[in-house]
$ cat target-v9.tsv   # TSV, C-alpha atoms
chain	number	residue	atom	x	y	z
A	1	MET	CA	124.54	-4.09	-24.72
A	2	ARG	CA	122.13	-1.25	-25.44
A	3	ALA	CA	118.43	-1.99	-25.30
A	4	VAL	CA	115.18	-0.02	-25.10
A	5	VAL	CA	113.76	-0.91	-21.69
A	6	GLN	CA	110.46	0.06	-20.11
A	7	HIS	CA	109.99	-0.21	-16.37
A	8	THR	CA	106.32	0.75	-16.33
A	9	LEU	CA	103.35	0.57	-18.69
A	10	GLY	CA	102.37	3.85	-20.29
A	11	GLY	CA	103.00	6.26	-23.14
A	12	PRO	CA	106.01	6.44	-25.44
A	13	GLU	CA	107.97	8.32	-22.76
A	14	VAL	CA	108.44	5.09	-20.76
A	15	LEU	CA	110.87	3.79	-23.41
A	16	ARG	CA	114.48	4.37	-22.33
A	17	VAL	CA	117.81	3.16	-23.75
A	18	GLU	CA	119.80	1.34	-21.05
A	19	GLN	CA	122.67	-1.12	-20.70
A	20	VAL	CA	121.49	-4.71	-20.11
A	21	PRO	CA	123.28	-8.10	-20.15
A	22	ARG	CA	123.88	-9.65	-23.55
A	23	PRO	CA	121.92	-12.90	-24.04
A	24	VAL	CA	123.70	-16.24	-24.39
A	25	PRO	CA	122.38	-18.72	-26.97
A	26	LEU	CA	121.23	-22.10	-25.64
A	27	PRO	CA	121.48	-25.32	-27.67
A	28	THR	CA	119.64	-24.97	-31.03
A	29	GLU	CA	119.71	-21.17	-30.67
A	30	VAL	CA	121.68	-18.44	-32.43
A	31	LEU	CA	122.91	-15.11	-31.13
A	32	VAL	CA	122.09	-12.41	-33.68
A	33	ARG	CA	123.74	-9.01	-33.72
A	34	VAL	CA	120.74	-6.85	-34.56
A	35	HIS	CA	121.21	-4.20	-37.24
A	36	ALA	CA	117.58	-3.09	-37.41
A	37	ALA	CA	114.30	-3.77	-35.61
A	38	GLY	CA	110.84	-3.39	-37.08
A	39	ILE	CA	108.03	-1.62	-35.24
A	40	ASN	CA	104.49	-3.00	-35.23
A	41	PRO	CA	101.15	-1.93	-33.70
A	42	VAL	CA	101.43	-4.78	-31.20
A	43	ASP	CA	104.56	-3.05	-29.86
A	44	TRP	CA	102.87	0.17	-28.79
A	45	GLN	CA	99.76	-1.70	-27.69
A	46	THR	CA	101.91	-3.86	-25.41
A	47	ARG	CA	103.85	-0.86	-24.14
A	48	ALA	CA	100.58	0.69	-22.97
A	49	GLY	CA	99.27	-2.47	-21.29
A	50	ALA	CA	97.25	-4.13	-24.08
A	51	GLY	CA	98.62	-6.25	-26.94
A	52	MET	CA	100.90	-8.95	-25.52
A	53	ALA	CA	101.35	-7.30	-22.12
A	54	GLY	CA	99.49	-10.17	-20.51
A	55	VAL	CA	101.99	-12.62	-22.00
A	56	LEU	CA	105.08	-10.59	-21.09
A	57	GLY	CA	103.91	-9.92	-17.56
A	58	GLU	CA	104.89	-6.97	-15.42
A	59	PRO	CA	107.71	-4.67	-16.63
A	60	PRO	CA	110.60	-4.31	-16.97
A	61	PHE	CA	110.81	-5.80	-20.44
A	62	VAL	CA	112.22	-5.05	-23.88
A	63	LEU	CA	109.78	-4.76	-26.78
A	64	GLY	CA	110.32	-5.77	-30.38
A	65	TRP	CA	109.87	-8.98	-32.38
A	66	ASP	CA	111.05	-8.02	-35.89
A	67	VAL	CA	114.81	-8.15	-36.35
A	68	SER	CA	117.39	-8.26	-39.11
A	69	GLY	CA	121.06	-8.77	-38.44
A	70	VAL	CA	124.07	-11.10	-38.56
A	71	VAL	CA	124.59	-14.39	-36.75
A	72	GLU	CA	127.29	-13.82	-34.13
A	73	GLN	CA	127.32	-17.20	-32.41
A	74	THR	CA	125.56	-20.55	-32.71
A	75	GLY	CA	124.54	-22.87	-29.90
A	76	PHE	CA	125.10	-26.60	-29.87
A	77	GLY	CA	123.07	-28.46	-32.47
A	78	VAL	CA	122.49	-25.59	-34.92
A	79	SER	CA	122.97	-26.90	-38.46
A	80	THR	CA	121.05	-24.41	-40.60
A	81	LEU	CA	123.02	-21.24	-39.87
A	82	GLU	CA	126.57	-20.23	-39.06
A	83	PRO	CA	128.35	-17.08	-37.84
A	84	GLY	CA	128.38	-14.37	-40.47
A	85	ASP	CA	125.03	-15.30	-42.03
A	86	GLU	CA	122.68	-12.36	-42.60
A	87	VAL	CA	119.27	-13.30	-41.20
A	88	PHE	CA	115.85	-11.88	-40.41
A	89	GLY	CA	113.05	-13.20	-38.27
A	90	MET	CA	110.26	-12.78	-35.74
A	91	PRO	CA	111.61	-14.79	-32.81
A	92	TRP	CA	109.66	-15.95	-29.78
A	93	PHE	CA	106.35	-14.18	-30.56
A	94	PRO	CA	104.25	-13.72	-28.47
A	95	ARG	CA	106.85	-14.27	-25.72
A	96	GLU	CA	109.45	-11.58	-25.10
A	97	ALA	CA	112.09	-11.46	-27.83
A	98	GLY	CA	113.77	-8.19	-26.91
A	99	GLY	CA	114.17	-6.99	-30.49
A	100	TYR	CA	114.83	-3.36	-29.56
A	101	ALA	CA	118.39	-4.27	-28.59
A	102	GLU	CA	121.85	-4.88	-30.01
A	103	TYR	CA	121.61	-8.68	-29.62
A	104	VAL	CA	118.86	-11.29	-29.66
A	105	ALA	CA	119.13	-15.01	-28.88
A	106	ALA	CA	116.45	-17.34	-30.26
A	107	PRO	CA	115.90	-20.72	-31.94
A	108	ALA	CA	117.76	-20.89	-35.24
A	109	ARG	CA	114.75	-22.16	-37.14
A	110	GLN	CA	112.76	-19.04	-36.28
A	111	PHE	CA	115.10	-17.12	-38.61
A	112	ALA	CA	115.69	-17.20	-42.36
A	113	ARG	CA	118.43	-15.82	-44.55
A	114	LYS	CA	117.81	-12.15	-45.29
A	115	PRO	CA	116.67	-11.32	-48.84
A	116	ALA	CA	119.85	-10.44	-50.71
A	117	GLY	CA	118.35	-7.35	-52.29
A	118	LEU	CA	117.20	-5.73	-49.07
A	119	SER	CA	119.05	-3.62	-46.55
A	120	HIS	CA	118.77	-4.63	-42.90
A	121	GLU	CA	116.34	-1.74	-42.37
A	122	GLN	CA	114.10	-3.03	-45.15
A	123	ALA	CA	114.39	-6.65	-44.02
A	124	ALA	CA	113.44	-5.74	-40.44
A	125	ALA	CA	110.15	-4.40	-41.78
A	126	VAL	CA	109.17	-7.80	-43.15
A	127	PRO	CA	108.76	-10.65	-40.64
A	128	LEU	CA	105.74	-9.97	-38.41
A	129	ALA	CA	103.73	-8.13	-41.05
A	130	ALA	CA	104.57	-10.49	-43.89
A	131	LEU	CA	104.08	-13.65	-41.82
A	132	THR	CA	100.71	-12.33	-40.64
A	133	ALA	CA	99.60	-11.78	-44.23
A	134	TRP	CA	101.07	-15.06	-45.47
A	135	GLN	CA	99.68	-17.28	-42.73
A	136	ALA	CA	96.25	-15.63	-42.90
A	137	LEU	CA	95.97	-16.05	-46.67
A	138	VAL	CA	97.85	-19.30	-47.27
A	139	ASP	CA	97.30	-21.36	-44.12
A	140	THR	CA	94.05	-20.04	-42.68
A	141	ALA	CA	92.05	-18.93	-45.73
A	142	GLN	CA	93.79	-21.25	-48.24
A	143	VAL	CA	93.16	-18.70	-50.98
A	144	ARG	CA	92.85	-20.18	-54.46
A	145	PRO	CA	93.17	-18.63	-57.93
A	146	GLY	CA	90.07	-16.74	-58.99
A	147	GLN	CA	88.76	-16.07	-55.51
A	148	ARG	CA	87.80	-12.56	-54.48
A	149	VAL	CA	89.71	-11.21	-51.46
A	150	LEU	CA	88.97	-7.99	-49.57
A	151	ILE	CA	91.80	-6.57	-47.44
A	152	HIS	CA	91.01	-3.89	-44.89
A	153	ALA	CA	93.76	-1.35	-44.13
A	154	ALA	CA	95.50	-2.37	-47.33
A	155	GLY	CA	98.04	0.45	-47.09
A	156	GLY	CA	99.46	-0.55	-43.72
A	157	GLY	CA	102.32	-2.83	-42.76
A	158	VAL	CA	100.39	-6.10	-42.98
A	159	GLY	CA	98.01	-4.83	-45.63
A	160	HIS	CA	100.57	-3.98	-48.29
A	161	PHE	CA	102.02	-7.50	-47.99
A	162	ALA	CA	98.54	-9.05	-48.04
A	163	VAL	CA	97.73	-7.28	-51.30
A	164	GLN	CA	100.86	-8.68	-52.93
A	165	PHE	CA	100.51	-12.20	-51.54
A	166	ALA	CA	96.83	-12.43	-52.50
A	167	LYS	CA	97.72	-11.37	-56.03
A	168	HIS	CA	100.56	-13.91	-56.09
A	169	LEU	CA	98.01	-16.59	-55.16
A	170	GLY	CA	95.86	-15.62	-58.14
A	171	ALA	CA	93.06	-13.81	-56.32
A	172	HIS	CA	91.07	-10.78	-57.39
A	173	VAL	CA	92.18	-8.24	-54.78
A	174	THR	CA	90.11	-5.40	-53.36
A	175	GLY	CA	91.52	-3.14	-50.66
A	176	THR	CA	90.25	-0.38	-48.41
A	177	ALA	CA	92.56	2.61	-48.10
A	178	SER	CA	92.51	6.38	-48.28
A	179	ALA	CA	92.52	7.80	-51.80
A	180	SER	CA	96.10	9.06	-51.47
A	181	ARG	CA	97.34	5.45	-51.41
A	182	HIS	CA	95.33	4.08	-54.31
A	183	ALA	CA	97.95	4.58	-57.01
A	184	TRP	CA	100.64	2.95	-54.87
A	185	LEU	CA	98.43	-0.04	-54.04
A	186	THR	CA	97.45	-0.46	-57.66
A	187	GLY	CA	101.16	-0.73	-58.38
A	188	LEU	CA	101.39	-3.50	-55.79
A	189	GLY	CA	98.67	-5.47	-57.54
A	190	ALA	CA	95.31	-4.37	-56.14
A	191	ASP	CA	92.50	-4.77	-58.67
A	192	GLU	CA	89.96	-2.54	-56.91
A	193	LEU	CA	90.33	0.04	-54.15
A	194	ILE	CA	87.71	1.59	-51.89
A	195	ASP	CA	88.21	4.94	-50.22
A	196	TYR	CA	86.70	4.11	-46.83
A	197	THR	CA	86.61	7.84	-45.96
A	198	ALA	CA	84.26	8.56	-48.86
A	199	VAL	CA	81.96	5.54	-49.06
A	200	PRO	CA	80.99	2.63	-46.77
A	201	PHE	CA	82.99	-0.34	-48.02
A	202	GLU	CA	79.93	-2.60	-47.83
A	203	ASP	CA	78.28	-0.41	-50.47
A	204	ALA	CA	81.22	-0.89	-52.85
A	205	ALA	CA	82.21	-4.54	-52.41
A	206	LYS	CA	80.19	-7.72	-52.95
A	207	ASP	CA	80.54	-11.46	-53.55
A	208	ILE	CA	83.78	-11.63	-51.56
A	209	ASP	CA	85.20	-15.07	-50.74
A	210	VAL	CA	87.69	-13.99	-48.06
A	211	VAL	CA	87.94	-10.84	-45.95
A	212	ILE	CA	91.28	-10.17	-44.25
A	213	ASP	CA	90.21	-7.74	-41.55
A	214	LEU	CA	93.18	-5.78	-40.19
A	215	VAL	CA	90.97	-3.19	-38.48
A	216	GLY	CA	88.50	-5.02	-36.23
A	217	ASP	CA	85.18	-4.25	-34.64
A	218	ARG	CA	86.68	-1.66	-32.30
A	219	HIS	CA	86.90	0.72	-35.26
A	220	ASP	CA	83.53	1.35	-36.90
A	221	ARG	CA	82.45	-2.28	-36.45
A	222	THR	CA	84.54	-3.28	-39.44
A	223	SER	CA	84.39	-7.03	-38.74
A	224	THR	CA	80.63	-7.12	-38.32
A	225	ARG	CA	80.03	-4.92	-41.35
A	226	SER	CA	82.32	-7.19	-43.40
A	227	LEU	CA	79.76	-9.97	-43.12
A	228	ASP	CA	77.58	-7.97	-45.53
A	229	VAL	CA	80.11	-8.34	-48.38
A	230	LEU	CA	80.79	-12.08	-48.09
A	231	ARG	CA	79.15	-14.59	-50.38
A	232	PRO	CA	77.55	-17.70	-48.79
A	233	GLY	CA	80.25	-19.84	-47.21
A	234	GLY	CA	82.71	-16.94	-47.28
A	235	LEU	CA	85.38	-16.51	-44.62
A	236	LEU	CA	86.21	-13.56	-42.36
A	237	VAL	CA	89.72	-13.68	-40.88
A	238	ALA	CA	89.62	-11.29	-37.92
A	239	VAL	CA	93.23	-10.40	-37.15
A	240	PRO	CA	93.40	-7.68	-34.46
A	241	SER	CA	90.19	-8.17	-32.51
A	242	GLY	CA	89.45	-11.85	-32.79
A	243	VAL	CA	85.93	-13.24	-33.06
A	244	SER	CA	83.47	-12.25	-30.35
A	245	PRO	CA	80.52	-14.53	-29.52
A	246	GLU	CA	78.23	-11.92	-31.10
A	247	LEU	CA	80.26	-11.86	-34.32
A	248	LEU	CA	80.39	-15.65	-34.46
A	249	HIS	CA	76.62	-15.93	-34.01
A	250	ALA	CA	75.96	-13.27	-36.66
A	251	ALA	CA	78.21	-15.07	-39.14
A	252	GLN	CA	76.82	-18.54	-38.49
A	253	SER	CA	73.24	-17.30	-38.83
A	254	ARG	CA	74.11	-16.23	-42.39
A	255	GLY	CA	76.03	-19.37	-43.35
A	256	LEU	CA	79.39	-17.58	-43.13
A	257	ARG	CA	82.66	-18.65	-41.55
A	258	THR	CA	84.98	-16.77	-39.20
A	259	SER	CA	88.48	-17.33	-37.91
A	260	ALA	CA	90.48	-15.56	-35.22
A	261	PHE	CA	94.18	-15.29	-35.97
A	262	LEU	CA	97.54	-14.76	-34.31
A	263	VAL	CA	100.81	-14.95	-36.21
A	264	GLU	CA	103.49	-17.52	-35.29
A	265	PRO	CA	107.26	-17.57	-35.84
A	266	GLU	CA	108.03	-19.56	-38.99
A	267	GLY	CA	111.45	-19.56	-40.61
A	268	ALA	CA	110.33	-21.78	-43.50
A	269	ALA	CA	107.62	-19.32	-44.57
A	270	LEU	CA	110.10	-16.45	-44.28
A	271	THR	CA	112.38	-18.32	-46.67
A	272	ARG	CA	109.55	-18.52	-49.21
A	273	ILE	CA	108.75	-14.84	-48.70
A	274	ALA	CA	112.43	-13.93	-49.14
A	275	GLY	CA	112.38	-15.78	-52.45
A	276	LEU	CA	109.42	-13.72	-53.66
A	277	ILE	CA	111.19	-10.52	-52.60
A	278	ASP	CA	114.43	-11.45	-54.34
A	279	ALA	CA	112.44	-12.43	-57.47
A	280	GLY	CA	110.92	-8.94	-57.57
A	281	GLU	CA	107.37	-10.21	-56.97
A	282	VAL	CA	107.01	-8.55	-53.56
A	283	ARG	CA	108.10	-5.09	-52.50
A	284	VAL	CA	108.72	-3.75	-49.00
A	285	GLU	CA	107.63	-0.26	-47.96
A	286	VAL	CA	109.54	1.49	-45.17
A	287	GLU	CA	108.21	4.95	-44.42
A	288	GLN	CA	110.84	6.06	-41.91
A	289	VAL	CA	113.90	4.76	-40.05
A	290	PHE	CA	114.62	6.02	-36.53
A	291	PRO	CA	117.79	5.53	-34.46
A	292	LEU	CA	117.37	3.24	-31.45
A	293	GLU	CA	117.47	6.24	-29.11
A	294	GLN	CA	114.32	7.61	-30.78
A	295	ALA	CA	112.12	4.59	-30.09
A	296	ALA	CA	109.64	6.82	-28.24
A	297	GLU	CA	109.33	9.15	-31.23
A	298	ALA	CA	108.84	6.15	-33.52
A	299	HIS	CA	106.02	4.86	-31.33
A	300	SER	CA	104.34	8.26	-31.36
A	301	ARG	CA	104.56	8.28	-35.16
A	302	GLY	CA	103.07	4.80	-35.40
A	303	GLU	CA	100.23	5.51	-33.02
A	304	ALA	CA	99.11	8.37	-35.25
A	305	ARG	CA	97.89	5.60	-37.61
A	306	ARG	CA	99.05	7.39	-40.73
A	307	THR	CA	101.98	5.15	-41.65
A	308	ARG	CA	102.39	3.86	-45.19
A	309	GLY	CA	104.10	0.51	-44.83
A	310	LYS	CA	106.42	0.17	-41.84
A	311	LEU	CA	108.55	2.07	-39.33
A	312	VAL	CA	111.98	0.72	-38.36
A	313	LEU	CA	114.65	1.28	-35.71
A	314	SER	CA	118.29	1.34	-36.80
A	315	VAL	CA	120.24	-0.50	-34.09
A	316	THR	CA	123.76	-1.30	-35.28
A	317	PRO	CA	125.46	0.49	-38.21
$ encode --input "target-v9.tsv" --output "structure tokens"
Amino acid sequence: MRAVVQHTLGGPEVLRVEQVPRPVPLPTEVLVRVHAAGINPVDWQTRAGAGMAGVLGEPPFVLGWDVSGVVEQTGFGVSTLEPGDEVFGMPWFPREAGGYAEYVAAPARQFARKPAGLSHEQAAAVPLAALTAWQALVDTAQVRPGQRVLIHAAGGGVGHFAVQFAKHLGAHVTGTASASRHAWLTGLGADELIDYTAVPFEDAAKDIDVVIDLVGDRHDRTSTRSLDVLRPGGLLVAVPSGVSPELLHAAQSRGLRTSAFLVEPEGAALTRIAGLIDAGEVRVEVEQVFPLEQAAEAHSRGEARRTRGKLVLSVTP
């Protein structure tokens, strides 16, 4: 089968399409013929030696965790899916899933049935970003109706789902994003928007119960500065950078809470998310679809950090 393989760590140019053996599903696993694969920041971070490179080990390896496709074969014991089912998922994360390929084998319960109203390209944009937003808001922050939630990088892949999920949970939603994305995010449910290029967000937001930080302290000390907008007892969920000892101490000294976060595969949550999508409550934004052979170009586009929503690879017509 075709797959995007990298033999060394480095820039986008290390991504090459090659022929590799097709995986064989073990008991409780399914073999999925991949139609489309989503691209996430963790992909290009891992390619360059950061991200999940420490988990994957030395190259060669195949990147990609977001997939949408059709079940080709089921292993012994699979009772939830059968050949021909259209599915989407984020298998194996943070272990190697090999999503940038024509086939993926993974546990059946790490997949869910694809939303009926989405193409495979749209569905492949959902799992990692949507699960990150869902698990951060529902499981970690346990957001309740009436709470005030601030979402950094609201216009990105995770951010645009977080805005919609927070609104679904009944929160008052504030997001940081460039002015060009404000109208779009308002349409997704944001109540207030802050143009972070024009004003420091801590001057425009206050009395926040939960901050979903999708930026981190590596960029303008966003996590640390977010402590200034939280009300007593408020929670900072630090997604990309985690919680440093300095950040933890600063939060605790103010009576604030922090939580590091890493998304996990979860077919059951994807089923709930698919229901919201099919009900018209949640929309998916795909900025551009690239053929598998242009994975390097897609990474270059993503690393420019100007993407609205998600980038996707088309794998199988």
$ axis_aligned_box --input "target-v9.tsv" --around "stretch 8-27 of chain A" --padding-each-side "4 Å" --output "JSON"
{"center_x": 113.1, "center_y": -8.5, "center_z": -22.0, "size_x": 29.5, "size_y": 41.6, "size_z": 19.3}
$ closest_residue --input "target-v9.tsv" --among "A:Ala269, A:Ala50, A:Leu262, A:Leu185" --to "A:Val138" --atoms "all atoms listed in the file"
A:Ala269
$ atom_distance --input "target-v9.tsv" --atom1 "atom CA of A:His299" --atom2 "atom CA of A:Asp43"
8.2 Å
$ residues_around --input "target-v9.tsv" --residues "A:Asp209" --least-positions-apart "5" --cutoff "7 Å" --atoms "only C-alpha atoms" --output "PDB file with C-alpha atoms, in the coordinates of the input"
ATOM      1  CA  GLN A 147      88.760 -16.070 -55.510  1.00  0.00           C
ATOM      2  CA  ARG A 148      87.800 -12.560 -54.480  1.00  0.00           C
ATOM      3  CA  VAL A 149      89.710 -11.210 -51.460  1.00  0.00           C
ATOM      4  CA  LEU A 230      80.790 -12.080 -48.090  1.00  0.00           C
ATOM      5  CA  ARG A 231      79.150 -14.590 -50.380  1.00  0.00           C
ATOM      6  CA  GLY A 234      82.710 -16.940 -47.280  1.00  0.00           C
ATOM      7  CA  LEU A 235      85.380 -16.510 -44.620  1.00  0.00           C
TER       8      LEU A 235
END
$ closest_residue --input "target-v9.tsv" --among "A:Ala177, A:Ala129, A:Leu15, A:Val87" --to "A:Arg306" --atoms "only C-alpha atoms"
A:Ala177
$ residues_around --input "target-v9.tsv" --residues "A:Ala36" --least-positions-apart "2" --cutoff "8 Å" --atoms "only C-alpha atoms" --output "PyMOL selection string"
chain A and resi 34+38+67-69+120-121+124+312-316
$ closest_residue --input "target-v9.tsv" --among "A:Arg22, A:Arg225, A:His7, A:His160" --to "A:Ala48" --atoms "all atoms listed in the file"
A:His7
$ atom_distance --input "target-v9.tsv" --atom1 "atom CA of A:Gln164" --atom2 "atom CA of A:Val239"
17.6 Å
$ residues_around --input "target-v9.tsv" --residues "stretch 150-154 of chain A" --least-positions-apart "2" --cutoff "7 Å" --atoms "all atoms listed in the file" --output "PDB file with C-alpha atoms, in the coordinates of the input"
ATOM      1  CA  ARG A 148      87.800 -12.560 -54.480  1.00  0.00           C
ATOM      2  CA  GLY A 156      99.460  -0.550 -43.720  1.00  0.00           C
ATOM      3  CA  GLY A 159      98.010  -4.830 -45.630  1.00  0.00           C
ATOM      4  CA  HIS A 160     100.570  -3.980 -48.290  1.00  0.00           C
ATOM      5  CA  VAL A 163      97.730  -7.280 -51.300  1.00  0.00           C
ATOM      6  CA  VAL A 173      92.180  -8.240 -54.780  1.00  0.00           C
ATOM      7  CA  THR A 174      90.110  -5.400 -53.360  1.00  0.00           C
ATOM      8  CA  GLY A 175      91.520  -3.140 -50.660  1.00  0.00           C
ATOM      9  CA  THR A 176      90.250  -0.380 -48.410  1.00  0.00           C
ATOM     10  CA  ALA A 177      92.560   2.610 -48.100  1.00  0.00           C
ATOM     11  CA  ILE A 208      83.780 -11.630 -51.560  1.00  0.00           C
ATOM     12  CA  VAL A 210      87.690 -13.990 -48.060  1.00  0.00           C
ATOM     13  CA  VAL A 211      87.940 -10.840 -45.950  1.00  0.00           C
ATOM     14  CA  ILE A 212      91.280 -10.170 -44.250  1.00  0.00           C
ATOM     15  CA  ASP A 213      90.210  -7.740 -41.550  1.00  0.00           C
ATOM     16  CA  LEU A 214      93.180  -5.780 -40.190  1.00  0.00           C
ATOM     17  CA  VAL A 215      90.970  -3.190 -38.480  1.00  0.00           C
TER      18      VAL A 215
END
$ closest_residue --input "target-v9.tsv" --among "A:Thr224, A:Thr258, A:Gln122, A:Ser244" --to "A:Arg283" --atoms "only C-alpha atoms"
A:Gln122
$ atom_distance --input "target-v9.tsv" --atom1 "atom CA of A:Ser180" --atom2 "atom CA of A:Phe165"
21.7 Å
